[in-house]
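Q: Sharing protein-v7.txt below, compact mmCIF, C-alpha atoms and all ligand atoms:
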```
# COMPACT_ATOMS: atom_id res chain seq x y z
CA MET A 2 16.45 -16.81 -23.14
CA THR A 3 13.03 -15.21 -22.89
CA ILE A 4 10.97 -13.30 -20.35
CA LEU A 5 7.20 -12.84 -20.27
CA VAL A 6 6.14 -9.31 -19.34
CA THR A 7 2.47 -8.59 -18.71
CA GLY A 8 0.91 -5.14 -19.14
CA ALA A 9 3.88 -4.01 -21.22
CA ALA A 10 1.81 -1.71 -23.43
CA GLY A 11 1.11 0.50 -20.40
CA PHE A 12 3.16 3.29 -18.89
CA ILE A 13 5.77 1.48 -16.77
CA GLY A 14 5.69 -1.82 -18.67
CA SER A 15 6.50 -0.16 -22.00
CA ASN A 16 9.37 1.80 -20.45
CA PHE A 17 10.59 -1.47 -18.94
CA VAL A 18 10.57 -3.29 -22.29
CA LEU A 19 12.29 -0.41 -24.11
CA ASP A 20 15.02 -0.27 -21.46
CA TRP A 21 15.34 -4.06 -21.32
CA LEU A 22 15.91 -4.41 -25.06
CA ALA A 23 18.29 -1.45 -25.05
CA GLN A 24 20.65 -3.47 -22.88
CA SER A 25 19.89 -7.12 -23.61
CA ASP A 26 19.04 -9.36 -26.53
CA GLU A 27 16.77 -11.51 -24.43
CA THR A 28 13.35 -11.80 -26.11
CA VAL A 29 10.31 -10.24 -24.44
CA ILE A 30 6.86 -11.78 -24.77
CA ASN A 31 4.45 -8.93 -24.08
CA LEU A 32 1.01 -10.06 -22.90
CA ASP A 33 -1.35 -7.10 -22.72
CA ASP A 34 -5.12 -6.84 -23.00
CA LEU A 35 -4.93 -3.31 -24.46
CA THR A 36 -7.41 -1.65 -22.12
CA TYR A 37 -7.77 2.14 -22.38
CA ALA A 38 -4.33 2.36 -20.69
CA GLY A 39 -2.53 0.04 -23.10
CA ASN A 40 -1.03 1.63 -26.15
CA LEU A 41 1.21 -0.14 -28.65
CA GLU A 42 2.38 3.22 -29.94
CA ASN A 43 4.61 3.32 -26.83
CA LEU A 44 6.55 0.46 -28.40
CA ALA A 45 6.52 1.72 -31.99
CA SER A 46 10.32 1.96 -31.97
CA LEU A 47 10.36 -1.87 -31.70
CA ASP A 48 8.32 -2.41 -34.88
CA GLY A 49 9.99 -5.19 -36.85
CA ASP A 50 12.25 -6.12 -33.91
CA ALA A 51 12.07 -9.90 -33.49
CA ARG A 52 13.05 -9.60 -29.83
CA HIS A 53 9.59 -8.19 -28.99
CA ILE A 54 6.58 -10.47 -29.43
CA PHE A 55 3.22 -8.90 -28.66
CA ILE A 56 0.24 -11.04 -27.67
CA LYS A 57 -3.14 -9.41 -27.06
CA GLY A 58 -4.85 -11.12 -24.16
CA SER A 59 -5.61 -11.10 -20.47
CA ILE A 60 -3.59 -12.37 -17.53
CA GLY A 61 -6.94 -13.80 -16.42
CA ASP A 62 -7.01 -16.17 -19.41
CA PHE A 63 -5.48 -19.31 -17.89
CA ASP A 64 -5.43 -21.28 -21.15
CA LEU A 65 -3.74 -18.49 -23.08
CA VAL A 66 -1.09 -17.94 -20.39
CA ALA A 67 -0.47 -21.69 -20.10
CA LYS A 68 -0.03 -21.91 -23.88
CA LEU A 69 2.39 -18.96 -23.95
CA LEU A 70 4.47 -20.41 -21.12
CA ALA A 71 4.64 -23.83 -22.80
CA GLU A 72 5.54 -22.35 -26.16
CA HIS A 73 8.15 -19.79 -25.10
CA GLN A 74 9.55 -21.35 -21.90
CA PRO A 75 10.39 -18.00 -20.26
CA ARG A 76 12.91 -17.90 -17.44
CA ALA A 77 10.87 -15.17 -15.73
CA VAL A 78 7.45 -13.55 -15.60
CA VAL A 79 7.24 -9.84 -14.70
CA ASN A 80 3.68 -8.84 -13.84
CA PHE A 81 2.81 -5.19 -14.55
CA ALA A 82 -0.74 -5.84 -15.81
CA ALA A 83 -3.28 -4.06 -13.64
CA GLU A 84 -5.95 -1.44 -13.43
CA SER A 85 -3.89 1.38 -11.96
CA HIS A 86 -5.87 4.58 -11.46
CA VAL A 87 -7.30 5.34 -8.00
CA ASP A 88 -10.02 7.70 -9.28
CA ARG A 89 -11.28 5.09 -11.74
CA SER A 90 -11.34 2.53 -8.92
CA ILE A 91 -13.62 4.87 -6.98
CA HIS A 92 -16.01 5.27 -9.92
CA GLY A 93 -15.99 1.54 -10.74
CA PRO A 94 -14.10 -1.02 -8.63
CA GLU A 95 -15.23 -4.12 -10.57
CA ASP A 96 -12.45 -4.07 -13.19
CA PHE A 97 -9.90 -3.72 -10.38
CA ILE A 98 -11.19 -6.83 -8.65
CA GLN A 99 -11.26 -8.76 -11.94
CA THR A 100 -7.80 -7.84 -13.20
CA ASN A 101 -5.77 -7.15 -10.09
CA ILE A 102 -7.14 -9.97 -7.95
CA VAL A 103 -8.76 -12.62 -10.16
CA GLY A 104 -6.34 -11.94 -13.02
CA THR A 105 -3.27 -12.22 -10.80
CA PHE A 106 -4.69 -15.41 -9.28
CA ARG A 107 -5.19 -17.04 -12.70
CA LEU A 108 -1.74 -15.91 -13.83
CA LEU A 109 -0.25 -17.46 -10.68
CA GLU A 110 -2.12 -20.68 -11.33
CA ALA A 111 -0.79 -20.94 -14.87
CA VAL A 112 2.73 -20.12 -13.70
CA ARG A 113 2.48 -22.67 -10.89
CA ALA A 114 1.52 -25.43 -13.35
CA PHE A 115 4.35 -24.43 -15.69
CA TYR A 116 6.93 -24.17 -12.90
CA GLY A 117 5.90 -27.58 -11.53
CA GLN A 118 7.02 -29.41 -14.65
CA LEU A 119 10.34 -27.61 -15.18
CA GLU A 120 13.67 -29.42 -14.91
CA LYS A 121 15.78 -28.69 -11.84
CA THR A 122 18.10 -26.12 -13.48
CA ALA A 123 15.23 -24.24 -15.09
CA LYS A 124 13.40 -24.32 -11.76
CA ASN A 125 16.38 -22.81 -9.97
CA GLN A 126 16.57 -20.00 -12.49
CA PHE A 127 12.86 -19.23 -12.73
CA ARG A 128 11.41 -16.04 -11.17
CA PHE A 129 7.94 -14.51 -10.85
CA LEU A 130 8.26 -10.78 -10.17
CA HIS A 131 5.13 -8.96 -9.09
CA VAL A 132 5.10 -5.18 -9.51
CA SER A 133 3.15 -3.47 -6.76
CA THR A 134 2.66 -0.12 -5.11
CA ASP A 135 3.38 1.72 -1.86
CA GLU A 136 -0.36 2.47 -1.66
CA VAL A 137 -0.96 -0.96 -0.07
CA TYR A 138 0.50 0.44 3.17
CA GLY A 139 -2.18 3.13 3.50
CA SER A 140 -1.66 6.72 4.55
CA LEU A 141 1.00 8.30 6.79
CA ALA A 142 0.67 11.27 9.13
CA LYS A 143 3.04 14.18 8.50
CA ASP A 144 5.82 13.07 10.88
CA ASP A 145 5.46 9.28 10.62
CA PRO A 146 8.53 7.37 9.45
CA ALA A 147 8.45 6.26 5.79
CA PHE A 148 7.07 2.83 4.84
CA THR A 149 9.47 -0.07 5.33
CA GLU A 150 8.78 -3.57 4.00
CA THR A 151 7.41 -4.62 7.40
CA HIS A 152 4.83 -1.83 7.58
CA GLN A 153 1.31 -3.14 8.11
CA TYR A 154 -0.91 -3.32 5.01
CA GLU A 155 -3.75 -0.78 5.37
CA PRO A 156 -5.07 -0.13 1.85
CA ASN A 157 -7.71 2.60 1.62
CA SER A 158 -8.94 2.70 -1.98
CA PRO A 159 -10.44 -0.07 -4.10
CA TYR A 160 -7.24 0.19 -6.20
CA SER A 161 -4.85 -0.27 -3.28
CA ALA A 162 -7.04 -2.95 -1.71
CA SER A 163 -6.98 -4.93 -4.95
CA LYS A 164 -3.19 -4.56 -5.22
CA ALA A 165 -2.82 -5.60 -1.58
CA ALA A 166 -4.88 -8.72 -2.29
CA SER A 167 -2.67 -9.56 -5.26
CA ASP A 168 0.47 -9.11 -3.13
CA HIS A 169 -0.96 -11.52 -0.57
CA LEU A 170 -1.71 -14.10 -3.25
CA VAL A 171 1.84 -13.84 -4.58
CA ARG A 172 3.19 -14.28 -1.07
CA ALA A 173 0.93 -17.28 -0.47
CA TYR A 174 2.09 -18.98 -3.68
CA HIS A 175 5.64 -18.77 -2.38
CA HIS A 176 4.84 -20.11 1.07
CA THR A 177 2.38 -22.77 -0.01
CA TYR A 178 3.68 -23.93 -3.37
CA GLY A 179 7.30 -22.80 -3.28
CA LEU A 180 6.86 -20.51 -6.30
CA PRO A 181 10.05 -18.38 -6.60
CA VAL A 182 8.44 -14.95 -6.25
CA LEU A 183 9.70 -11.42 -5.74
CA THR A 184 7.54 -8.36 -5.04
CA THR A 185 8.40 -4.70 -5.47
CA ASN A 186 6.34 -1.92 -3.86
CA CYS A 187 7.09 1.34 -5.59
CA SER A 188 6.05 4.95 -5.08
CA ASN A 189 4.49 7.26 -7.71
CA ASN A 190 6.24 7.07 -11.08
CA TYR A 191 6.46 9.79 -13.70
CA GLY A 192 8.12 10.05 -17.12
CA PRO A 193 7.53 9.30 -20.82
CA TYR A 194 4.34 7.50 -21.96
CA HIS A 195 2.44 8.34 -18.75
CA PHE A 196 -1.28 8.39 -19.52
CA PRO A 197 -2.66 11.91 -18.93
CA GLU A 198 -5.22 10.84 -16.34
CA LYS A 199 -2.54 10.87 -13.60
CA LEU A 200 -1.47 14.12 -11.95
CA ILE A 201 1.81 14.96 -13.72
CA PRO A 202 0.88 14.25 -17.36
CA LEU A 203 -2.64 15.65 -16.80
CA VAL A 204 -1.22 18.95 -15.57
CA ILE A 205 1.24 19.22 -18.47
CA HIS A 206 -1.49 18.39 -20.96
CA ASN A 207 -4.09 20.76 -19.46
CA ALA A 208 -1.58 23.58 -19.08
CA LEU A 209 -0.65 23.46 -22.76
CA ALA A 210 -4.33 23.18 -23.74
CA GLY A 211 -5.22 26.29 -21.70
CA LYS A 212 -7.44 24.23 -19.40
CA PRO A 213 -7.76 24.33 -15.56
CA LEU A 214 -5.12 22.49 -13.50
CA PRO A 215 -7.32 20.62 -10.98
CA ILE A 216 -5.97 20.39 -7.42
CA TYR A 217 -7.92 18.00 -5.19
CA GLY A 218 -8.71 19.46 -1.75
CA ASP A 219 -5.94 21.66 -0.34
CA GLY A 220 -3.17 20.20 -2.53
CA GLN A 221 -1.07 19.36 0.53
CA GLN A 222 -1.20 15.59 0.02
CA ILE A 223 2.31 14.19 -0.20
CA ARG A 224 3.62 11.59 -2.64
CA ASP A 225 7.11 10.20 -3.18
CA TRP A 226 8.04 10.54 -6.86
CA LEU A 227 10.34 8.26 -8.85
CA TYR A 228 11.42 8.69 -12.47
CA VAL A 229 10.05 5.67 -14.35
CA LYS A 230 13.44 4.57 -15.71
CA ASP A 231 14.71 4.31 -12.13
CA HIS A 232 11.78 2.03 -11.31
CA CYS A 233 12.70 -0.11 -14.32
CA SER A 234 16.33 -0.39 -13.20
CA ALA A 235 15.16 -1.41 -9.71
CA ILE A 236 12.98 -4.17 -11.18
CA ARG A 237 15.87 -5.44 -13.30
CA ARG A 238 18.09 -5.50 -10.23
CA VAL A 239 15.52 -7.34 -8.07
CA LEU A 240 14.98 -9.85 -10.86
CA GLU A 241 18.71 -10.41 -11.05
CA ALA A 242 19.61 -10.63 -7.39
CA GLY A 243 16.53 -10.31 -5.15
CA ARG A 244 16.08 -12.93 -2.43
CA LEU A 245 13.20 -15.30 -3.13
CA GLY A 246 9.98 -14.55 -1.30
CA GLU A 247 11.20 -11.08 -0.32
CA THR A 248 9.54 -7.74 -0.95
CA TYR A 249 11.52 -4.62 -1.85
CA ASN A 250 10.31 -1.05 -1.44
CA VAL A 251 11.37 1.20 -4.31
CA GLY A 252 11.30 4.99 -4.02
CA GLY A 253 12.97 8.20 -5.04
CA TRP A 254 13.53 9.88 -1.66
CA ASN A 255 11.50 12.73 -3.19
CA GLU A 256 8.51 13.56 -1.02
CA LYS A 257 6.53 16.50 -2.43
CA PRO A 258 3.12 18.04 -1.73
CA ASN A 259 0.96 17.97 -4.87
CA LEU A 260 0.77 21.76 -5.04
CA ASP A 261 4.60 21.98 -5.12
CA VAL A 262 4.69 19.45 -7.96
CA VAL A 263 2.16 21.49 -9.94
CA HIS A 264 4.05 24.74 -9.29
CA THR A 265 7.27 23.09 -10.47
CA LEU A 266 5.57 21.90 -13.66
CA CYS A 267 4.16 25.38 -14.29
CA ALA A 268 7.57 27.01 -13.79
CA ILE A 269 9.27 24.58 -16.21
CA LEU A 270 6.55 25.17 -18.80
CA ASP A 271 6.88 28.95 -18.34
CA GLU A 272 10.53 28.52 -19.31
CA LEU A 273 10.27 25.88 -22.07
CA SER A 274 6.96 26.79 -23.69
CA PRO A 275 5.68 30.17 -22.42
CA ARG A 276 2.01 31.07 -22.76
CA ALA A 277 1.21 33.20 -25.79
CA ASP A 278 -0.32 35.89 -23.55
CA GLY A 279 2.85 36.09 -21.41
CA LYS A 280 0.97 35.05 -18.24
CA ALA A 281 2.19 32.32 -15.87
CA TYR A 282 0.74 28.79 -16.19
CA LYS A 283 0.07 28.74 -12.45
CA GLU A 284 -2.85 31.10 -13.10
CA GLN A 285 -4.65 28.01 -14.48
CA ILE A 286 -4.55 26.26 -11.06
CA THR A 287 -8.10 25.48 -9.84
CA TYR A 288 -9.09 23.86 -6.55
CA VAL A 289 -11.68 21.11 -6.96
CA THR A 290 -13.55 18.73 -4.66
CA ASP A 291 -11.23 16.31 -2.88
CA ARG A 292 -10.96 12.63 -3.80
CA PRO A 293 -13.07 10.49 -1.40
CA GLY A 294 -10.81 8.75 1.14
CA HIS A 295 -7.80 10.62 -0.25
CA ASP A 296 -4.55 9.28 1.29
CA ARG A 297 -2.68 12.15 2.88
CA ARG A 298 0.90 11.00 2.58
CA TYR A 299 3.00 8.18 1.11
CA ALA A 300 6.72 7.90 1.76
CA ILE A 301 9.06 5.05 0.92
CA ASP A 302 12.07 3.93 2.90
CA ALA A 303 14.20 2.39 0.14
CA THR A 304 17.06 1.37 2.45
CA LYS A 305 16.63 -2.38 1.98
CA ILE A 306 17.03 -2.42 -1.80
CA GLU A 307 20.04 -0.13 -1.52
CA ARG A 308 21.70 -2.15 1.25
CA GLU A 309 21.01 -5.62 -0.20
CA LEU A 310 21.11 -4.97 -3.92
CA GLY A 311 23.03 -1.71 -4.25
CA TRP A 312 20.17 0.00 -6.12
CA LYS A 313 19.74 3.77 -5.97
CA PRO A 314 17.76 6.12 -8.23
CA ALA A 315 19.85 7.90 -10.86
CA GLU A 316 17.52 10.91 -11.21
CA THR A 317 16.58 13.56 -8.70
CA PHE A 318 13.06 15.00 -8.97
CA GLU A 319 14.52 18.15 -10.51
CA THR A 320 16.35 16.32 -13.33
CA GLY A 321 13.58 13.78 -13.95
CA ILE A 322 10.74 16.26 -14.09
CA LYS A 323 12.53 18.49 -16.57
CA LYS A 324 13.17 15.53 -18.88
CA THR A 325 9.52 14.56 -18.53
CA VAL A 326 8.14 17.98 -19.48
CA GLN A 327 10.52 18.10 -22.44
CA TRP A 328 9.34 14.64 -23.53
CA TYR A 329 5.70 15.78 -23.53
CA LEU A 330 6.59 18.90 -25.51
CA ASP A 331 8.44 16.76 -28.06
CA ASN A 332 5.69 14.13 -28.29
CA GLN A 333 2.47 16.09 -28.73
CA GLY A 334 1.39 13.62 -31.43
CA TRP A 335 1.45 10.78 -28.88
CA VAL A 336 -0.58 12.91 -26.46
CA ALA A 337 -3.11 13.81 -29.17
CA ASN A 338 -3.60 10.12 -30.03
CA VAL A 339 -4.11 8.92 -26.46
CA THR A 340 -6.41 11.78 -25.51
CA SER A 341 -8.92 11.19 -28.27
CA GLY A 342 -12.09 9.12 -27.88
CA ALA A 343 -12.62 7.39 -24.55
CA TYR A 344 -10.33 9.82 -22.69
CA ARG A 345 -12.89 12.58 -23.18
CA GLU A 346 -15.57 10.47 -21.55
CA TRP A 347 -13.32 10.07 -18.51
CA LEU A 348 -12.82 13.85 -18.23
CA GLY A 349 -16.59 14.29 -18.29
CA LYS A 350 -17.07 11.76 -15.50
CA GLN A 351 -14.23 12.95 -13.25
CA TYR A 352 -14.01 16.70 -13.85
CA GLY A 353 -17.42 17.48 -15.31
CA GLU A 354 -15.84 18.63 -18.60
CA SER A 355 -18.17 18.55 -21.59
CA LYS A 356 -17.12 16.05 -24.26
P1 LIG A 401 -1.02 1.44 -16.72
O1 LIG A 401 -2.44 1.58 -16.32
O2 LIG A 401 -0.36 2.54 -17.48
O3 LIG A 401 -0.83 0.11 -17.58
C1 LIG A 401 -1.44 -1.10 -17.26
C2 LIG A 401 -1.31 -2.03 -18.47
O4 LIG A 401 -1.90 -3.29 -18.12
C3 LIG A 401 -2.03 -1.52 -19.72
O5 LIG A 401 -1.21 -1.70 -20.85
C4 LIG A 401 -3.27 -2.42 -19.80
O6 LIG A 401 -3.72 -2.61 -21.14
C5 LIG A 401 -2.75 -3.70 -19.20
N1 LIG A 401 -3.81 -4.56 -18.65
C6 LIG A 401 -4.86 -4.19 -17.88
N2 LIG A 401 -5.60 -5.27 -17.57
C7 LIG A 401 -4.99 -6.35 -18.14
C8 LIG A 401 -5.25 -7.74 -18.16
N3 LIG A 401 -6.32 -8.26 -17.53
N4 LIG A 401 -4.40 -8.55 -18.82
C9 LIG A 401 -3.33 -8.04 -19.47
N5 LIG A 401 -3.03 -6.73 -19.49
C10 LIG A 401 -3.85 -5.89 -18.85
O7 LIG A 401 -0.25 1.13 -15.36
P2 LIG A 401 1.23 1.53 -14.92
O8 LIG A 401 1.21 2.87 -14.31
O9 LIG A 401 2.16 1.23 -16.03
O10 LIG A 401 1.44 0.48 -13.74
C11 LIG A 401 1.98 -0.82 -14.01
C12 LIG A 401 2.04 -1.59 -12.71
O11 LIG A 401 2.85 -0.89 -11.77
C13 LIG A 401 0.68 -1.80 -12.04
O12 LIG A 401 0.63 -3.09 -11.51
C14 LIG A 401 0.66 -0.74 -10.95
O13 LIG A 401 -0.14 -1.16 -9.86
C15 LIG A 401 2.12 -0.69 -10.58
N6 LIG A 401 2.60 0.60 -10.03
C16 LIG A 401 2.33 1.76 -10.69
C17 LIG A 401 2.83 2.96 -10.17
C18 LIG A 401 2.61 4.28 -10.88
O14 LIG A 401 2.97 5.32 -10.34
N7 LIG A 401 2.07 4.30 -12.09
C19 LIG A 401 3.56 2.97 -8.98
C20 LIG A 401 3.80 1.74 -8.34
C21 LIG A 401 3.32 0.56 -8.88
P1 LIG A 402 -2.38 10.25 -9.16
O1 LIG A 402 -1.42 10.70 -10.22
O2 LIG A 402 -3.76 9.85 -9.55
O3 LIG A 402 -1.64 9.08 -8.36
P2 LIG A 402 -2.05 8.38 -6.94
O4 LIG A 402 -3.45 8.73 -6.60
O5 LIG A 402 -1.90 6.94 -7.28
O6 LIG A 402 -1.06 8.87 -5.94
O7 LIG A 402 -2.50 11.42 -8.10
C1 LIG A 402 -1.34 11.94 -7.45
C2 LIG A 402 -1.82 12.94 -6.44
O8 LIG A 402 -2.38 14.06 -7.12
C3 LIG A 402 -2.92 12.41 -5.53
O9 LIG A 402 -2.73 12.93 -4.22
C4 LIG A 402 -4.19 12.96 -6.15
C5 LIG A 402 -3.74 14.28 -6.75
N1 LIG A 402 -4.47 14.72 -7.97
C6 LIG A 402 -4.98 16.02 -8.04
O10 LIG A 402 -4.84 16.83 -7.10
N2 LIG A 402 -5.63 16.39 -9.18
C7 LIG A 402 -5.81 15.54 -10.22
O11 LIG A 402 -6.46 15.94 -11.25
C8 LIG A 402 -5.26 14.22 -10.15
C9 LIG A 402 -5.42 13.24 -11.28
C10 LIG A 402 -4.59 13.85 -8.99
```
How does this structure look as structure tokens?
Ligand code: NAD
Ligand code: TYD
A:
Amino acid sequence: MTILVTGAAGFIGSNFVLDWLAQSDETVINLDDLTYAGNLENLASLDGDARHIFIKGSIGDFDLVAKLLAEHQPRAVVNFAAESHVDRSIHGPEDFIQTNIVGTFRLLEAVRAFYGQLEKTAKNQFRFLHVSTDEVYGSLAKDDPAFTETHQYEPNSPYSASKAASDHLVRAYHHTYGLPVLTTNCSNNYGPYHFPEKLIPLVIHNALAGKPLPIYGDGQQIRDWLYVKDHCSAIRRVLEAGRLGETYNVGGWNEKPNLDVVHTLCAILDELSPRADGKAYKEQITYVTDRPGHDRRYAIDATKIERELGWKPAETFETGIKKTVQWYLDNQGWVANVTSGAYREWLGKQYGESK
């Protein structure tokens, strides 16, 4: 058996493939366009492993996807491929529209054509799992209940709007064409192979480099944080037993204001890799201009996936974040490779750092 995983050279997709092949011999076809966020080094431990087949290409390339589906006859498609960074979507929304909306549409079209000609048994087994975000639901006030699956979609950034559009397309392909789809809406992930443009890896990286730790606005925005391997186990579980056409919210029950997250990271670094001058890393914290349209709070109610599928996160924030900091300390070579070149241009654009 085979599955097709898109965007599997990125942060979550690569963790998903590594975990998948650690517990199954089912081949993974990895379709990734290797944008700035895609990095095959994440999958270096699979070099020479015949169970991982990498194809460079876009989910928006109908002919390529159709060819891959015909050739490998996967029993499932798991769609991670996306532009994923809110700040980049503010600077330039076009790529988000192209990949997240048009790309998902073309992928769905290719999958629809493939699914249509499958035999009955293969049809019954086939799944299209779309990986999405809690950001499609918009922003919560401090005391609002957490997002459930029936919460209204109110996306506020070009990123979340493009993900919301893709979720709607996936839903429509189920209702209109009977495509056997599943959608997961997950909160903020953190863990190994996280590109250092997002808050947690950026803060670890900047702290160790002696650079400012940029806090947008007052730092009191709240996110729910989930260790990436818990997200991967949730996706495996939904793929295995999720009800067709349903959406499942995935979260860590770990709501934290950004400033608390940064203080926690600084305290762990003080312990594991103290500054040479003996000072605390939190002295590097710097308040910067807020993100335009910055969502104040996200919170996930993950009751449905627990009740229906028995899934719960294995890590608490405290255990997951310590593992994550340790991973970055142990993998400075990976960080050095991904932060060369184009990454510097991004820092110039977003934080005004000179290249
Ligand atoms: P990422 O930016 O690290 O990786 C995205 C991957 O997709 C990269 O490998 C990139 O090369 C690839 N890609 C981009 N455009 C492509 C295209 N047109 N065709 C094929 N591949 C393409 O993202 P991530 O953080 O790993 O997120 C993966 C998915 O999970 C996304 O759909 C994102 O919306 C969703 N998600 C992310 C989070 C999070 O906290 N990171 C939370 C919830 C949901
Ligand atoms: P991010 O990791 O970009 O994820 P998202 O915007 O998808 O939630 O940001 C997490 C939070 O951290 C968000 O509220 C924005 C904030 N943030 C900062 O305060 N400083 C930074 O340099 C970055 C990248 C994010």
Q: Can you list, as a ChimeraX atom specification, every protein, DNA or RNA residue that comes within 12 Å of Asn125 of chain A when you count only C-alpha atoms, leaving out same-chain residues fewer than 6 positions away?
A: /A:76-77,116-117,119,179-182,245
Q: Please produce, as JSON lines, a per-residue contact table for chain A versus ligand LIG 402 (chain A) (criterion: any atom at most 9 Å away, all atoms listed in the file considered), showing the nearest atom pair and its distance in Å to one decimal, sorted by chain then residue number.
A:
```
{"residue": "A:Ser85", "atom": "CA", "partner": "A:LIG402", "partner_atom": "O5", "distance": 7.5}
{"residue": "A:His86", "atom": "CA", "partner": "A:LIG402", "partner_atom": "O2", "distance": 6.0}
{"residue": "A:Val87", "atom": "CA", "partner": "A:LIG402", "partner_atom": "O4", "distance": 5.3}
{"residue": "A:Asp88", "atom": "CA", "partner": "A:LIG402", "partner_atom": "O2", "distance": 6.6}
{"residue": "A:Thr134", "atom": "CA", "partner": "A:LIG402", "partner_atom": "O5", "distance": 8.7}
{"residue": "A:Glu136", "atom": "CA", "partner": "A:LIG402", "partner_atom": "O5", "distance": 7.3}
{"residue": "A:Tyr160", "atom": "CA", "partner": "A:LIG402", "partner_atom": "O5", "distance": 8.7}
{"residue": "A:Ser161", "atom": "CA", "partner": "A:LIG402", "partner_atom": "O5", "distance": 8.8}
{"residue": "A:Ser188", "atom": "CA", "partner": "A:LIG402", "partner_atom": "O6", "distance": 8.2}
{"residue": "A:Asn189", "atom": "CA", "partner": "A:LIG402", "partner_atom": "O6", "distance": 6.0}
{"residue": "A:Asn190", "atom": "CA", "partner": "A:LIG402", "partner_atom": "O1", "distance": 8.5}
{"residue": "A:Tyr191", "atom": "CA", "partner": "A:LIG402", "partner_atom": "O1", "distance": 8.7}
{"residue": "A:Pro197", "atom": "CA", "partner": "A:LIG402", "partner_atom": "C9", "distance": 8.2}
{"residue": "A:Glu198", "atom": "CA", "partner": "A:LIG402", "partner_atom": "C9", "distance": 5.6}
{"residue": "A:Lys199", "atom": "CA", "partner": "A:LIG402", "partner_atom": "O1", "distance": 3.6}
{"residue": "A:Leu200", "atom": "CA", "partner": "A:LIG402", "partner_atom": "O1", "distance": 3.8}
{"residue": "A:Ile201", "atom": "CA", "partner": "A:LIG402", "partner_atom": "O1", "distance": 6.4}
{"residue": "A:Pro202", "atom": "CA", "partner": "A:LIG402", "partner_atom": "O1", "distance": 8.3}
{"residue": "A:Leu203", "atom": "CA", "partner": "A:LIG402", "partner_atom": "C9", "distance": 6.6}
{"residue": "A:Val204", "atom": "CA", "partner": "A:LIG402", "partner_atom": "O11", "distance": 7.4}
{"residue": "A:Leu214", "atom": "CA", "partner": "A:LIG402", "partner_atom": "O11", "distance": 7.1}
{"residue": "A:Pro215", "atom": "CA", "partner": "A:LIG402", "partner_atom": "O11", "distance": 4.8}
{"residue": "A:Ile216", "atom": "CA", "partner": "A:LIG402", "partner_atom": "O10", "distance": 3.7}
{"residue": "A:Tyr217", "atom": "CA", "partner": "A:LIG402", "partner_atom": "O10", "distance": 3.8}
{"residue": "A:Gly218", "atom": "CA", "partner": "A:LIG402", "partner_atom": "O10", "distance": 7.1}
{"residue": "A:Asp219", "atom": "CA", "partner": "A:LIG402", "partner_atom": "O10", "distance": 8.4}
{"residue": "A:Gly220", "atom": "CA", "partner": "A:LIG402", "partner_atom": "O10", "distance": 5.9}
{"residue": "A:Gln221", "atom": "CA", "partner": "A:LIG402", "partner_atom": "O9", "distance": 8.2}
{"residue": "A:Gln222", "atom": "CA", "partner": "A:LIG402", "partner_atom": "O9", "distance": 5.2}
{"residue": "A:Ile223", "atom": "CA", "partner": "A:LIG402", "partner_atom": "O9", "distance": 6.6}
{"residue": "A:Arg224", "atom": "CA", "partner": "A:LIG402", "partner_atom": "O6", "distance": 6.3}
{"residue": "A:Asp225", "atom": "CA", "partner": "A:LIG402", "partner_atom": "O6", "distance": 8.7}
{"residue": "A:Pro258", "atom": "CA", "partner": "A:LIG402", "partner_atom": "O9", "distance": 8.2}
{"residue": "A:Asn259", "atom": "CA", "partner": "A:LIG402", "partner_atom": "O8", "distance": 5.6}
{"residue": "A:Leu260", "atom": "CA", "partner": "A:LIG402", "partner_atom": "O10", "distance": 7.7}
{"residue": "A:Val262", "atom": "CA", "partner": "A:LIG402", "partner_atom": "O8", "distance": 8.9}
{"residue": "A:Val263", "atom": "CA", "partner": "A:LIG402", "partner_atom": "O10", "distance": 8.9}
{"residue": "A:Tyr288", "atom": "CA", "partner": "A:LIG402", "partner_atom": "O10", "distance": 8.2}
{"residue": "A:Val289", "atom": "CA", "partner": "A:LIG402", "partner_atom": "N2", "distance": 8.0}
{"residue": "A:Asp291", "atom": "CA", "partner": "A:LIG402", "partner_atom": "O10", "distance": 7.7}
{"residue": "A:Arg292", "atom": "CA", "partner": "A:LIG402", "partner_atom": "C4", "distance": 7.2}
{"residue": "A:His295", "atom": "CA", "partner": "A:LIG402", "partner_atom": "O9", "distance": 6.8}
{"residue": "A:Asp296", "atom": "CA", "partner": "A:LIG402", "partner_atom": "O9", "distance": 6.9}
{"residue": "A:Arg297", "atom": "CA", "partner": "A:LIG402", "partner_atom": "O9", "distance": 7.1}
{"residue": "A:Arg298", "atom": "CA", "partner": "A:LIG402", "partner_atom": "O9", "distance": 7.9}
{"residue": "A:Tyr299", "atom": "CA", "partner": "A:LIG402", "partner_atom": "O6", "distance": 8.2}
{"residue": "A:Gln351", "atom": "CA", "partner": "A:LIG402", "partner_atom": "O11", "distance": 8.6}
{"residue": "A:Tyr352", "atom": "CA", "partner": "A:LIG402", "partner_atom": "O11", "distance": 8.0}
```
Q: So the first atom is atom CA of Asn101 of chain A and the second is atom CA of Leu130 of chain A; what is the distance between them in Å, to one decimal place?
A: 14.5 Å
Q: Of the residues A:Phe115, A:Trp226, A:Tyr249, A:Tyr344, which is the one nearest to ligand LIG 401 (chain A), using only C-alpha atoms and all ligand atoms?
A: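 Checking each of A:Phe115, A:Trp226, A:Tyr249, A:Tyr344 against ligand LIG 401 (chain A), counting only C-alpha atoms and all ligand atoms, the winner is A:Trp226.
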Q: Using all atoms listed in the file, which residues have at least one atom no more than 6 Å from ligand LIG 401 (chain A)? Output them as a VMD selection string.
A: chain A and resid 7 to 14 32 to 36 38 to 39 58 to 61 81 to 85 100 104 132 to 134 187 to 190
